[in-house]
$ cat entry13.pdb   # PDB, C-alpha atoms and all ligand atoms
ATOM      1  CA  MET A 752      80.109 -84.136 -24.787
ATOM      2  CA  LEU A 753      78.634 -84.059 -21.274
ATOM      3  CA  GLN A 754      76.344 -87.031 -20.809
ATOM      4  CA  ILE A 755      74.024 -87.581 -17.903
ATOM      5  CA  LYS A 756      72.352 -90.967 -17.973
ATOM      6  CA  ASN A 757      69.481 -92.065 -15.728
ATOM      7  CA  LEU A 758      70.667 -90.086 -12.746
ATOM      8  CA  SER A 759      68.662 -90.401  -9.513
ATOM      9  CA  PHE A 760      69.505 -88.868  -6.156
ATOM     10  CA  ARG A 761      68.012 -88.415  -2.692
ATOM     11  CA  TYR A 762      69.401 -86.786   0.462
ATOM     12  CA  LYS A 763      66.936 -88.592   2.726
ATOM     13  CA  LYS A 764      63.840 -90.568   1.745
ATOM     14  CA  GLN A 765      62.375 -88.251  -0.831
ATOM     15  CA  ALA A 766      63.733 -88.372  -4.375
ATOM     16  CA  ILE A 767      65.293 -85.021  -5.318
ATOM     17  CA  LEU A 768      66.190 -86.133  -8.839
ATOM     18  CA  ASP A 769      64.578 -89.115 -10.498
ATOM     19  CA  ASN A 770      65.915 -90.673 -13.678
ATOM     20  CA  ILE A 771      67.415 -87.527 -15.205
ATOM     21  CA  SER A 772      69.130 -87.837 -18.601
ATOM     22  CA  PHE A 773      70.443 -85.129 -20.892
ATOM     23  CA  SER A 774      73.583 -84.150 -22.736
ATOM     24  CA  ALA A 775      75.511 -81.001 -23.647
ATOM     25  CA  LYS A 776      77.901 -80.505 -26.535
ATOM     26  CA  PRO A 777      81.168 -78.539 -26.240
ATOM     27  CA  GLY A 778      80.335 -74.825 -26.192
ATOM     28  CA  GLU A 779      76.662 -75.416 -25.516
ATOM     29  CA  HIS A 780      74.841 -73.274 -22.954
ATOM     30  CA  ILE A 781      72.120 -75.069 -20.991
ATOM     31  CA  SER A 782      69.908 -73.416 -18.381
ATOM     32  CA  ILE A 783      68.379 -75.389 -15.542
ATOM     33  CA  ILE A 784      65.218 -73.779 -14.245
ATOM     34  CA  GLY A 785      62.564 -74.817 -11.740
ATOM     35  CA  GLU A 786      60.964 -73.671  -8.517
ATOM     36  CA  SER A 787      63.012 -73.163  -5.371
ATOM     37  CA  GLY A 788      63.874 -76.606  -3.994
ATOM     38  CA  SER A 789      63.387 -78.380  -7.333
ATOM     39  CA  GLY A 790      66.958 -79.711  -7.256
ATOM     40  CA  LYS A 791      68.892 -77.306  -9.520
ATOM     41  CA  SER A 792      71.830 -76.830  -7.132
ATOM     42  CA  THR A 793      71.843 -80.527  -6.287
ATOM     43  CA  LEU A 794      72.109 -81.367  -9.986
ATOM     44  CA  LEU A 795      75.074 -78.987 -10.430
ATOM     45  CA  LYS A 796      76.810 -80.479  -7.386
ATOM     46  CA  LEU A 797      76.324 -83.982  -8.788
ATOM     47  CA  LEU A 798      77.757 -82.887 -12.141
ATOM     48  CA  TYR A 799      80.788 -81.592 -10.253
ATOM     49  CA  GLY A 800      81.296 -84.866  -8.385
ATOM     50  CA  TYR A 801      80.382 -83.371  -5.025
ATOM     51  CA  TYR A 802      78.271 -86.392  -4.046
ATOM     52  CA  ASP A 803      78.466 -90.082  -4.915
ATOM     53  CA  LEU A 804      75.824 -91.174  -7.352
ATOM     54  CA  PRO A 805      73.539 -93.931  -6.098
ATOM     55  CA  GLU A 806      72.075 -94.417  -9.584
ATOM     56  CA  GLY A 807      73.091 -93.302 -13.035
ATOM     57  CA  GLU A 808      76.243 -92.072 -14.711
ATOM     58  CA  ILE A 809      77.836 -88.780 -15.681
ATOM     59  CA  PHE A 810      80.529 -88.570 -18.344
ATOM     60  CA  TRP A 811      82.539 -85.707 -19.811
ATOM     61  CA  LYS A 812      84.023 -87.134 -23.004
ATOM     62  CA  ASP A 813      85.674 -90.342 -21.746
ATOM     63  CA  ASN A 814      85.949 -89.257 -18.125
ATOM     64  CA  GLN A 815      83.387 -90.574 -15.708
ATOM     65  CA  ILE A 816      82.498 -88.019 -13.011
ATOM     66  CA  LEU A 817      82.801 -89.724  -9.655
ATOM     67  CA  GLY A 818      82.092 -88.561  -6.127
ATOM     68  CA  PRO A 819      84.160 -88.431  -2.922
ATOM     69  CA  ASP A 820      84.149 -92.221  -2.491
ATOM     70  CA  TYR A 821      86.441 -92.353  -5.538
ATOM     71  CA  ASN A 822      88.281 -89.012  -5.394
ATOM     72  CA  LEU A 823      90.304 -87.684  -2.504
ATOM     73  CA  VAL A 824      89.788 -84.145  -3.810
ATOM     74  CA  VAL A 825      86.363 -83.248  -5.191
ATOM     75  CA  GLY A 826      86.263 -81.958  -8.763
ATOM     76  CA  TYR A 827      88.208 -82.183 -12.006
ATOM     77  CA  ASP A 828      90.634 -79.853 -13.789
ATOM     78  CA  PHE A 829      88.416 -79.596 -16.866
ATOM     79  CA  MET A 830      85.414 -78.439 -14.873
ATOM     80  CA  LYS A 831      84.776 -75.449 -12.612
ATOM     81  CA  TYR A 832      81.832 -74.784 -10.361
ATOM     82  CA  VAL A 833      80.764 -71.399  -9.011
ATOM     83  CA  ALA A 834      78.464 -72.098  -6.067
ATOM     84  CA  GLN A 835      75.981 -69.717  -4.463
ATOM     85  CA  GLU A 836      78.500 -69.278  -1.624
ATOM     86  CA  PHE A 837      81.843 -68.360  -3.172
ATOM     87  CA  ASP A 838      85.007 -69.499  -1.582
ATOM     88  CA  LEU A 839      87.555 -66.676  -2.031
ATOM     89  CA  MET A 840      90.705 -65.661  -0.182
ATOM     90  CA  PRO A 841      89.655 -62.499   1.684
ATOM     91  CA  TYR A 842      93.054 -61.050   2.629
ATOM     92  CA  ILE A 843      94.565 -60.855  -0.841
ATOM     93  CA  SER A 844      93.597 -58.650  -3.782
ATOM     94  CA  VAL A 845      91.119 -59.285  -6.570
ATOM     95  CA  SER A 846      94.000 -59.816  -9.041
ATOM     96  CA  GLU A 847      95.751 -62.247  -6.706
ATOM     97  CA  ASN A 848      92.536 -64.223  -6.224
ATOM     98  CA  ILE A 849      91.938 -64.422  -9.963
ATOM     99  CA  GLY A 850      95.535 -65.444 -10.601
ATOM    100  CA  ALA A 851      95.757 -67.836  -7.650
ATOM    101  CA  PHE A 852      95.755 -70.960  -9.795
ATOM    102  CA  LEU A 853      97.607 -69.557 -12.808
ATOM    103  CA  SER A 854     101.216 -70.536 -13.422
ATOM    104  CA  ASN A 855     103.919 -68.106 -12.238
ATOM    105  CA  PHE A 856     106.288 -69.355 -14.885
ATOM    106  CA  TYR A 857     105.611 -66.502 -17.331
ATOM    107  CA  PRO A 858     104.731 -63.486 -15.138
ATOM    108  CA  GLU A 859     103.875 -61.211 -18.092
ATOM    109  CA  GLU A 860     101.474 -63.729 -19.612
ATOM    110  CA  LYS A 861      99.954 -64.268 -16.203
ATOM    111  CA  GLN A 862      99.350 -60.532 -15.766
ATOM    112  CA  ASP A 863      97.856 -60.262 -19.282
ATOM    113  CA  ARG A 864      95.505 -63.112 -18.504
ATOM    114  CA  ILE A 865      94.448 -61.517 -15.196
ATOM    115  CA  ASN A 866      93.782 -58.238 -17.026
ATOM    116  CA  GLU A 867      91.704 -60.035 -19.644
ATOM    117  CA  LEU A 868      89.622 -61.707 -16.928
ATOM    118  CA  LEU A 869      89.197 -58.451 -14.977
ATOM    119  CA  LYS A 870      87.752 -57.025 -18.179
ATOM    120  CA  VAL A 871      85.330 -59.924 -18.736
ATOM    121  CA  VAL A 872      83.839 -59.463 -15.259
ATOM    122  CA  GLU A 873      84.193 -55.666 -15.371
ATOM    123  CA  LEU A 874      86.337 -55.399 -12.241
ATOM    124  CA  GLU A 875      89.365 -53.513 -13.617
ATOM    125  CA  PRO A 876      89.063 -50.661 -11.075
ATOM    126  CA  TYR A 877      89.144 -53.180  -8.225
ATOM    127  CA  ALA A 878      92.238 -55.101  -9.327
ATOM    128  CA  ASN A 879      94.247 -54.150  -6.240
ATOM    129  CA  VAL A 880      91.467 -54.100  -3.673
ATOM    130  CA  LYS A 881      91.435 -56.827  -1.022
ATOM    131  CA  VAL A 882      88.504 -59.215  -1.461
ATOM    132  CA  LYS A 883      87.323 -58.690   2.123
ATOM    133  CA  GLU A 884      86.573 -55.062   1.179
ATOM    134  CA  LEU A 885      84.277 -56.004  -1.729
ATOM    135  CA  SER A 886      80.491 -56.128  -1.873
ATOM    136  CA  GLY A 887      78.644 -59.439  -2.386
ATOM    137  CA  GLY A 888      78.170 -58.779  -6.106
ATOM    138  CA  GLN A 889      81.834 -57.882  -6.599
ATOM    139  CA  LYS A 890      82.880 -61.087  -4.814
ATOM    140  CA  GLN A 891      80.574 -63.046  -7.093
ATOM    141  CA  ARG A 892      82.360 -61.545 -10.101
ATOM    142  CA  VAL A 893      85.778 -62.459  -8.677
ATOM    143  CA  ALA A 894      84.550 -66.039  -8.185
ATOM    144  CA  ILE A 895      83.420 -66.196 -11.832
ATOM    145  CA  ALA A 896      86.736 -64.779 -13.098
ATOM    146  CA  ARG A 897      88.687 -67.252 -11.001
ATOM    147  CA  ALA A 898      86.593 -70.146 -12.297
ATOM    148  CA  ILE A 899      87.367 -69.308 -15.925
ATOM    149  CA  ALA A 900      91.019 -68.321 -15.309
ATOM    150  CA  LYS A 901      92.392 -71.684 -16.411
ATOM    151  CA  GLU A 902      89.795 -72.084 -19.185
ATOM    152  CA  PRO A 903      87.775 -75.040 -18.022
ATOM    153  CA  GLU A 904      85.994 -77.140 -20.632
ATOM    154  CA  ILE A 905      82.796 -76.983 -18.580
ATOM    155  CA  LEU A 906      81.582 -74.258 -16.257
ATOM    156  CA  LEU A 907      78.780 -74.878 -13.753
ATOM    157  CA  LEU A 908      77.155 -71.674 -12.538
ATOM    158  CA  ASP A 909      74.630 -71.524  -9.702
ATOM    159  CA  GLU A 910      72.606 -68.292  -9.839
ATOM    160  CA  PRO A 911      75.642 -66.496 -11.273
ATOM    161  CA  PHE A 912      74.305 -62.931 -11.071
ATOM    162  CA  SER A 913      72.113 -63.185  -7.982
ATOM    163  CA  HIS A 914      74.219 -60.700  -5.988
ATOM    164  CA  ILE A 915      74.841 -58.305  -8.851
ATOM    165  CA  ASP A 916      72.864 -55.107  -9.244
ATOM    166  CA  ASN A 917      70.754 -54.340 -12.289
ATOM    167  CA  PHE A 918      73.139 -51.610 -13.475
ATOM    168  CA  LYS A 919      75.926 -54.142 -13.992
ATOM    169  CA  LYS A 920      73.970 -57.326 -14.594
ATOM    170  CA  GLN A 921      72.998 -56.735 -18.229
ATOM    171  CA  SER A 922      76.462 -55.957 -19.570
ATOM    172  CA  LEU A 923      78.133 -58.588 -17.394
ATOM    173  CA  ARG A 924      75.830 -61.309 -18.737
ATOM    174  CA  ARG A 925      76.634 -60.346 -22.317
ATOM    175  CA  SER A 926      80.344 -60.169 -21.608
ATOM    176  CA  LEU A 927      80.581 -63.499 -19.740
ATOM    177  CA  PHE A 928      78.310 -65.554 -21.975
ATOM    178  CA  LYS A 929      79.991 -64.210 -25.117
ATOM    179  CA  TYR A 930      83.383 -65.134 -23.649
ATOM    180  CA  LEU A 931      82.167 -68.673 -22.913
ATOM    181  CA  LYS A 932      80.740 -69.090 -26.429
ATOM    182  CA  ASP A 933      83.841 -67.637 -28.093
ATOM    183  CA  HIS A 934      86.003 -70.079 -26.148
ATOM    184  CA  GLN A 935      83.585 -72.995 -26.656
ATOM    185  CA  ILE A 936      83.238 -73.539 -22.900
ATOM    186  CA  THR A 937      80.166 -75.638 -22.128
ATOM    187  CA  CYS A 938      78.105 -73.971 -19.444
ATOM    188  CA  ILE A 939      75.287 -75.253 -17.297
ATOM    189  CA  VAL A 940      73.509 -72.462 -15.437
ATOM    190  CA  ALA A 941      70.976 -72.874 -12.630
ATOM    191  CA  THR A 942      68.846 -69.756 -12.541
ATOM    192  CA  HIS A 943      65.548 -68.119 -11.589
ATOM    193  CA  ASP A 944      66.063 -65.226 -13.950
ATOM    194  CA  LYS A 945      64.599 -65.326 -17.467
ATOM    195  CA  ASP A 946      67.109 -62.698 -18.573
ATOM    196  CA  ASP A 947      69.944 -65.161 -17.907
ATOM    197  CA  VAL A 948      68.205 -67.544 -20.272
ATOM    198  CA  LEU A 949      66.308 -65.974 -23.172
ATOM    199  CA  SER A 950      69.175 -64.343 -25.051
ATOM    200  CA  PHE A 951      71.916 -66.821 -24.226
ATOM    201  CA  SER A 952      70.759 -70.416 -23.720
ATOM    202  CA  ASP A 953      70.794 -73.022 -26.435
ATOM    203  CA  GLU A 954      68.455 -75.154 -24.379
ATOM    204  CA  ILE A 955      66.389 -74.957 -21.188
ATOM    205  CA  ILE A 956      65.740 -77.870 -18.846
ATOM    206  CA  VAL A 957      62.764 -77.456 -16.506
ATOM    207  CA  LEU A 958      62.956 -79.503 -13.291
ATOM    208  CA  HIS A 959      59.734 -80.347 -11.503
ATOM    209  CA  ASP A 960      58.765 -83.152  -9.113
ATOM    210  CA  ALA A 961      62.301 -84.568  -9.423
ATOM    211  CA  LYS A 962      61.917 -85.064 -13.188
ATOM    212  CA  ILE A 963      62.678 -83.123 -16.360
ATOM    213  CA  MET A 964      59.278 -81.588 -17.066
ATOM    214  CA  ALA A 965      60.365 -79.943 -20.317
ATOM    215  CA  GLN A 966      63.498 -79.552 -22.379
ATOM    216  CA  ASP A 967      63.595 -77.258 -25.388
ATOM    217  CA  THR A 968      64.979 -74.055 -26.855
ATOM    218  CA  PRO A 969      64.097 -70.718 -25.189
ATOM    219  CA  GLN A 970      62.088 -69.719 -28.285
ATOM    220  CA  SER A 971      60.007 -72.856 -28.253
ATOM    221  CA  LEU A 972      59.315 -72.876 -24.501
ATOM    222  CA  PHE A 973      58.501 -69.175 -24.486
ATOM    223  CA  ASN A 974      56.193 -69.340 -27.508
ATOM    224  CA  ASN A 975      54.402 -72.519 -26.429
ATOM    225  CA  PRO A 976      54.526 -72.751 -22.637
ATOM    226  CA  LYS A 977      52.843 -76.059 -22.012
ATOM    227  CA  ASN A 978      51.815 -75.214 -18.462
ATOM    228  CA  LYS A 979      51.569 -72.427 -15.893
ATOM    229  CA  LEU A 980      54.944 -73.181 -14.277
ATOM    230  CA  ILE A 981      56.771 -72.579 -17.548
ATOM    231  CA  ALA A 982      54.724 -69.479 -18.435
ATOM    232  CA  ALA A 983      55.342 -68.015 -14.956
ATOM    233  CA  PHE A 984      59.098 -68.258 -15.488
ATOM    234  CA  PHE A 985      58.857 -65.947 -18.489
ATOM    235  CA  GLY A 986      56.431 -63.360 -17.142
ATOM    236  CA  GLU A 987      52.886 -62.397 -16.199
ATOM    237  CA  TYR A 988      50.296 -64.662 -17.777
ATOM    238  CA  ASN A 989      46.593 -65.562 -17.655
ATOM    239  CA  GLU A 990      44.611 -68.714 -18.177
ATOM    240  CA  ILE A 991      41.604 -67.752 -20.288
ATOM    241  CA  GLU A 992      38.771 -70.052 -21.263
ATOM    242  CA  ASN A 993      39.031 -71.172 -24.902
ATOM    243  CA  HIS A 994      42.460 -69.493 -25.245
ATOM    244  CA  GLY A 995      44.600 -71.366 -22.716
ATOM    245  CA  ILE A 996      47.730 -69.630 -21.445
ATOM    246  CA  VAL A 997      47.926 -66.019 -22.613
ATOM    247  CA  TYR A 998      50.838 -63.758 -21.612
ATOM    248  CA  ALA A 999      50.020 -60.229 -20.449
ATOM    249  CA  HIS A1000      51.586 -58.841 -23.619
ATOM    250  CA  GLN A1001      49.276 -61.008 -25.759
ATOM    251  CA  LEU A1002      46.135 -59.166 -24.636
ATOM    252  CA  GLN A1003      45.277 -55.930 -26.398
ATOM    253  CA  VAL A1004      42.607 -53.317 -25.759
ATOM    254  CA  SER A1005      40.576 -53.184 -28.963
ATOM    255  CA  GLU A1006      37.077 -52.132 -30.041
ATOM    256  CA  LYS A1007      36.788 -55.458 -31.808
ATOM    257  CA  GLY A1008      37.755 -57.401 -28.661
ATOM    258  CA  THR A1009      35.433 -60.083 -27.379
ATOM    259  CA  LEU A1010      36.570 -60.164 -23.751
ATOM    260  CA  LYS A1011      34.772 -57.510 -21.697
ATOM    261  CA  ALA A1012      36.746 -56.570 -18.590
ATOM    262  CA  THR A1013      36.744 -53.905 -15.880
ATOM    263  CA  VAL A1014      39.996 -52.222 -14.865
ATOM    264  CA  LYS A1015      40.972 -52.701 -11.236
ATOM    265  CA  GLN A1016      44.514 -51.305 -11.005
ATOM    266  CA  ALA A1017      47.313 -49.974 -13.214
ATOM    267  CA  TYR A1018      50.988 -50.597 -12.346
ATOM    268  CA  TYR A1019      53.654 -48.422 -13.980
ATOM    269  CA  ARG A1020      56.441 -50.507 -15.520
ATOM    270  CA  GLY A1021      58.543 -48.017 -17.441
ATOM    271  CA  THR A1022      57.829 -48.824 -21.078
ATOM    272  CA  SER A1023      54.206 -49.791 -20.385
ATOM    273  CA  TYR A1024      51.609 -50.304 -17.662
ATOM    274  CA  LEU A1025      50.582 -53.684 -16.312
ATOM    275  CA  ILE A1026      46.821 -53.505 -15.925
ATOM    276  CA  GLU A1027      44.908 -55.762 -13.590
ATOM    277  CA  ALA A1028      41.278 -56.166 -14.613
ATOM    278  CA  ASP A1029      38.258 -58.268 -13.776
ATOM    279  CA  LEU A1030      37.051 -60.705 -16.424
ATOM    280  CA  ASN A1031      33.893 -62.564 -15.389
ATOM    281  CA  GLY A1032      34.931 -62.577 -11.742
ATOM    282  CA  ASN A1033      38.562 -63.576 -12.413
ATOM    283  CA  SER A1034      41.612 -61.316 -12.307
ATOM    284  CA  ILE A1035      43.492 -60.913 -15.557
ATOM    285  CA  LEU A1036      46.671 -59.017 -16.395
ATOM    286  CA  PHE A1037      47.583 -57.250 -19.607
ATOM    287  CA  GLU A1038      50.080 -54.699 -20.829
ATOM    288  CA  HIS A1039      48.994 -51.310 -22.103
ATOM    289  CA  LYS A1040      50.941 -48.280 -23.245
ATOM    290  CA  HIS A1041      49.006 -45.891 -21.017
ATOM    291  CA  ALA A1042      47.480 -46.016 -17.567
ATOM    292  CA  LEU A1043      43.746 -46.841 -17.464
ATOM    293  CA  SER A1044      41.361 -45.631 -14.765
ATOM    294  CA  ASN A1045      39.960 -47.937 -12.138
ATOM    295  CA  ASP A1046      36.442 -49.211 -13.043
ATOM    296  CA  GLU A1047      36.911 -48.346 -16.724
ATOM    297  CA  GLU A1048      35.245 -50.940 -18.978
ATOM    298  CA  ILE A1049      37.343 -52.219 -21.855
ATOM    299  CA  LEU A1050      37.276 -54.832 -24.588
ATOM    300  CA  LEU A1051      40.291 -57.105 -25.028
ATOM    301  CA  SER A1052      41.391 -59.282 -27.886
ATOM    302  CA  VAL A1053      43.933 -62.112 -27.728
ATOM    303  CA  LEU A1054      46.956 -61.810 -30.029
ATOM    304  CA  LYS A1055      48.237 -65.354 -30.379
TER     305      LYS A1055
HETATM  306  N1  LIG B   1      72.657 -81.127   2.115
HETATM  307  C1  LIG B   1      71.340 -81.381   2.080
HETATM  308  N2  LIG B   1      70.774 -82.279   2.934
HETATM  309  C2  LIG B   1      69.446 -82.550   2.894
HETATM  310  N3  LIG B   1      68.587 -81.984   2.031
HETATM  311  C3  LIG B   1      69.078 -81.083   1.179
HETATM  312  C4  LIG B   1      70.474 -80.728   1.152
HETATM  313  N4  LIG B   1      70.673 -79.801   0.168
HETATM  314  C5  LIG B   1      69.459 -79.586  -0.383
HETATM  315  N5  LIG B   1      68.505 -80.348   0.205
HETATM  316  C6  LIG B   1      67.064 -80.398  -0.160
HETATM  317  O1  LIG B   1      66.990 -80.847  -1.521
HETATM  318  C7  LIG B   1      65.994 -80.132  -2.237
HETATM  319  C8  LIG B   1      66.606 -79.517  -3.483
HETATM  320  O2  LIG B   1      67.510 -78.498  -3.070
HETATM  321  P1  LIG B   1      68.359 -77.653  -4.116
HETATM  322  O3  LIG B   1      69.225 -76.721  -3.334
HETATM  323  O4  LIG B   1      68.996 -78.573  -5.065
HETATM  324  O5  LIG B   1      67.188 -76.865  -4.875
HETATM  325  P2  LIG B   1      67.262 -75.602  -5.861
HETATM  326  O6  LIG B   1      66.335 -75.912  -6.981
HETATM  327  O7  LIG B   1      68.682 -75.305  -6.203
HETATM  328  O8  LIG B   1      66.668 -74.461  -4.936
HETATM  329  P3  LIG B   1      66.927 -72.856  -4.969
HETATM  330  O9  LIG B   1      66.347 -72.400  -6.284
HETATM  331  O10 LIG B   1      66.132 -72.379  -3.788
HETATM  332  O11 LIG B   1      68.417 -72.616  -4.850
HETATM  333  C9  LIG B   1      65.389 -79.137  -1.261
HETATM  334  O12 LIG B   1      64.185 -79.660  -0.768
HETATM  335  C10 LIG B   1      66.430 -79.027  -0.170
HETATM  336  O13 LIG B   1      65.825 -78.756   1.059
END
$ encode --input "entry13.pdb" --output "structure tokens" --more "lines below"
Ligand SMILES: Nc1ncnc2c1ncn2[C@@H]1O[C@H](COP(=O)(O)OP(=O)(O)OP(=O)(O)O)[C@@H](O)[C@H]1O
Amino acid sequence: MLQIKNLSFRYKKQAILDNISFSAKPGEHISIIGESGSGKSTLLKLLYGYYDLPEGEIFWKDNQILGPDYNLVVGYDFMKYVAQEFDLMPYISVSENIGAFLSNFYPEEKQDRINELLKVVELEPYANVKVKELSGGQKQRVAIARAIAKEPEILLLDEPFSHIDNFKKQSLRRSLFKYLKDHQITCIVATHDKDDVLSFSDEIIVLHDAKIMAQDTPQSLFNNPKNKLIAAFFGEYNEIENHGIVYAHQLQVSEKGTLKATVKQAYYRGTSYLIEADLNGNSILFEHKHALSNDEEILLSVLK
């Protein structure tokens, strides 16, 4: 069990994290979300032992995570951290980077393990390419493979797919997060992307004003966003009098609707259109299967 107890941290005067406590069981997947600058990366670095803790404690099982004042070398064998800047060896191949920390004692096993990891991060065709010749997204995948090579008990991921294109991102997420679950590797993921979270996280922690603003399952936070910050993470939303927070997909054009609005603009989004309309002088957004014409008057009902 990972246990964070009453952790507080500041770089200068201002508190970045204030009295943070939470825990994660083996194999659990926790997402840390929050606006830019809310302290997500700082929290991951503290979990890794990158800084000394002025207040609070972090434990993995019986091991206390301590910072550089106590450890000559930052980090622990049971934990790996993939930062936003990945630290790879540019002049050797993808396979050599992934295998860098694996034992050479059984070369066949080592090669099998490298092949398995190349598959998880979908880099088999690049096995023999030097890392300096890779794109940013490919390097990010090498960094992830290297972090899981020796099967850590905990993996800390900071924006793990930020450099990876949409073509690859979807299948890579499924492949990596399934691997981590299958191997019961606890993972803590700092992310801005709801798609990293909704299908994979057991729990979401929302950081705001240095505190944990909310902590719950994806289903619960998505279905009952208690404020605009949480709703905005999941998608387009409105605040409508007497209805509170209403996602764009929860508004429907209907003859029986009670909200009379005027269409201002339609945005094509593939499977539907996002329509911006005027409701009593305020802009609202809703999804609709077809485009609507500007100035068209419509009635909307709330599906909640
Ligand atoms: N080494 C540092 N020295 C001083 N201040 C720092 C340092 N690193 C981060 N900060 C500040 O701490 C705050 C939290 O930064 P952090 O990188 O943890 O946020 P974040 O939530 O991960 O942001 P993002 O989503 O943009 O990556 C920010 O205001 C940042 O400017």
$ atom_distance --input "entry13.pdb" --atom1 "atom CA of Ala965 of chain A" --atom2 "atom CA of Glu1027 of chain A"
29.5 Å
$ closest_residue --input "entry13.pdb" --among "A:Glu1038, A:Glu1048, A:Glu987, A:Asp947" --to "His1000 of chain A" --atoms "only C-alpha atoms"
A:Glu1038
$ resolve_selection --input "entry13.pdb" --expression "the PyMOL selection byres (((not hetatm)) within 10 of (chain B and resi 1))" --output "JSON, numbers by chain"
{"A": [760, 761, 762, 763, 764, 765, 766, 767, 768, 783, 784, 785, 786, 787, 788, 789, 790, 791, 792, 793, 794, 795, 796, 797, 802, 835, 909, 910, 941, 942, 943, 958, 959, 961]}
$ axis_aligned_box --input "entry13.pdb" --around "segment 766-781 of chain A" --padding-each-side "3 Å" --output "AutoDock Vina command-line options"
--center_x 72.5 --center_y -82.0 --center_z -15.5 --size_x 23.4 --size_y 23.4 --size_z 28.2
$ resolve_selection --input "entry13.pdb" --expression "the PyMOL selection byres (((chain A and resi 759) around 7) and not hetatm)" --output "JSON, numbers by chain"
{"A": [757, 758, 760, 768, 769, 770, 771, 805, 806, 807]}
$ residues_around --input "entry13.pdb" --residues "Ser950 of chain A" --least-positions-apart "6" --cutoff "12 Å" --atoms "all atoms listed in the file" --output "number ranges by chain"
A: 780-782, 921, 924-925, 928-929, 944, 968-970, 973
$ resolve_selection --input "entry13.pdb" --expression "the PyMOL selection byres (((chain A and resi 992) around 12) and not hetatm)" --output "list in words"
Asn989, Glu990, Ile991, Asn993, His994, Gly995, Ile996, Val997, Leu1010, Leu1030, Asn1031, Asn1033, Ile1035 and Val1053 of chain A
$ write_last_selection --input "entry13.pdb" --atoms "C-alpha atoms" --output "PDB file, in the coordinates of the input"
ATOM      1  CA  ASN A 989      46.593 -65.562 -17.655  1.00  0.00           C
ATOM      2  CA  GLU A 990      44.611 -68.714 -18.177  1.00  0.00           C
ATOM      3  CA  ILE A 991      41.604 -67.752 -20.288  1.00  0.00           C
ATOM      4  CA  ASN A 993      39.031 -71.172 -24.902  1.00  0.00           C
ATOM      5  CA  HIS A 994      42.460 -69.493 -25.245  1.00  0.00           C
ATOM      6  CA  GLY A 995      44.600 -71.366 -22.716  1.00  0.00           C
ATOM      7  CA  ILE A 996      47.730 -69.630 -21.445  1.00  0.00           C
ATOM      8  CA  VAL A 997      47.926 -66.019 -22.613  1.00  0.00           C
ATOM      9  CA  LEU A1010      36.570 -60.164 -23.751  1.00  0.00           C
ATOM     10  CA  LEU A1030      37.051 -60.705 -16.424  1.00  0.00           C
ATOM     11  CA  ASN A1031      33.893 -62.564 -15.389  1.00  0.00           C
ATOM     12  CA  ASN A1033      38.562 -63.576 -12.413  1.00  0.00           C
ATOM     13  CA  ILE A1035      43.492 -60.913 -15.557  1.00  0.00           C
ATOM     14  CA  VAL A1053      43.933 -62.112 -27.728  1.00  0.00           C
TER      15      VAL A1053
END
$ residues_around --input "entry13.pdb" --residues "segment 816-831 of chain A" --least-positions-apart "3" --cutoff "9 Å" --atoms "all atoms listed in the file" --output "PyMOL selection string"
chain A and resi 797-804+808-811+898-899+901-908
$ write_last_selection --input "entry13.pdb" --atoms "C-alpha atoms" --output "PDB file, in the frame of the given file"
ATOM      1  CA  LEU A 797      76.324 -83.982  -8.788  1.00  0.00           C
ATOM      2  CA  LEU A 798      77.757 -82.887 -12.141  1.00  0.00           C
ATOM      3  CA  TYR A 799      80.788 -81.592 -10.253  1.00  0.00           C
ATOM      4  CA  GLY A 800      81.296 -84.866  -8.385  1.00  0.00           C
ATOM      5  CA  TYR A 801      80.382 -83.371  -5.025  1.00  0.00           C
ATOM      6  CA  TYR A 802      78.271 -86.392  -4.046  1.00  0.00           C
ATOM      7  CA  ASP A 803      78.466 -90.082  -4.915  1.00  0.00           C
ATOM      8  CA  LEU A 804      75.824 -91.174  -7.352  1.00  0.00           C
ATOM      9  CA  GLU A 808      76.243 -92.072 -14.711  1.00  0.00           C
ATOM     10  CA  ILE A 809      77.836 -88.780 -15.681  1.00  0.00           C
ATOM     11  CA  PHE A 810      80.529 -88.570 -18.344  1.00  0.00           C
ATOM     12  CA  TRP A 811      82.539 -85.707 -19.811  1.00  0.00           C
ATOM     13  CA  ALA A 898      86.593 -70.146 -12.297  1.00  0.00           C
ATOM     14  CA  ILE A 899      87.367 -69.308 -15.925  1.00  0.00           C
ATOM     15  CA  LYS A 901      92.392 -71.684 -16.411  1.00  0.00           C
ATOM     16  CA  GLU A 902      89.795 -72.084 -19.185  1.00  0.00           C
ATOM     17  CA  PRO A 903      87.775 -75.040 -18.022  1.00  0.00           C
ATOM     18  CA  GLU A 904      85.994 -77.140 -20.632  1.00  0.00           C
ATOM     19  CA  ILE A 905      82.796 -76.983 -18.580  1.00  0.00           C
ATOM     20  CA  LEU A 906      81.582 -74.258 -16.257  1.00  0.00           C
ATOM     21  CA  LEU A 907      78.780 -74.878 -13.753  1.00  0.00           C
ATOM     22  CA  LEU A 908      77.155 -71.674 -12.538  1.00  0.00           C
TER      23      LEU A 908
END
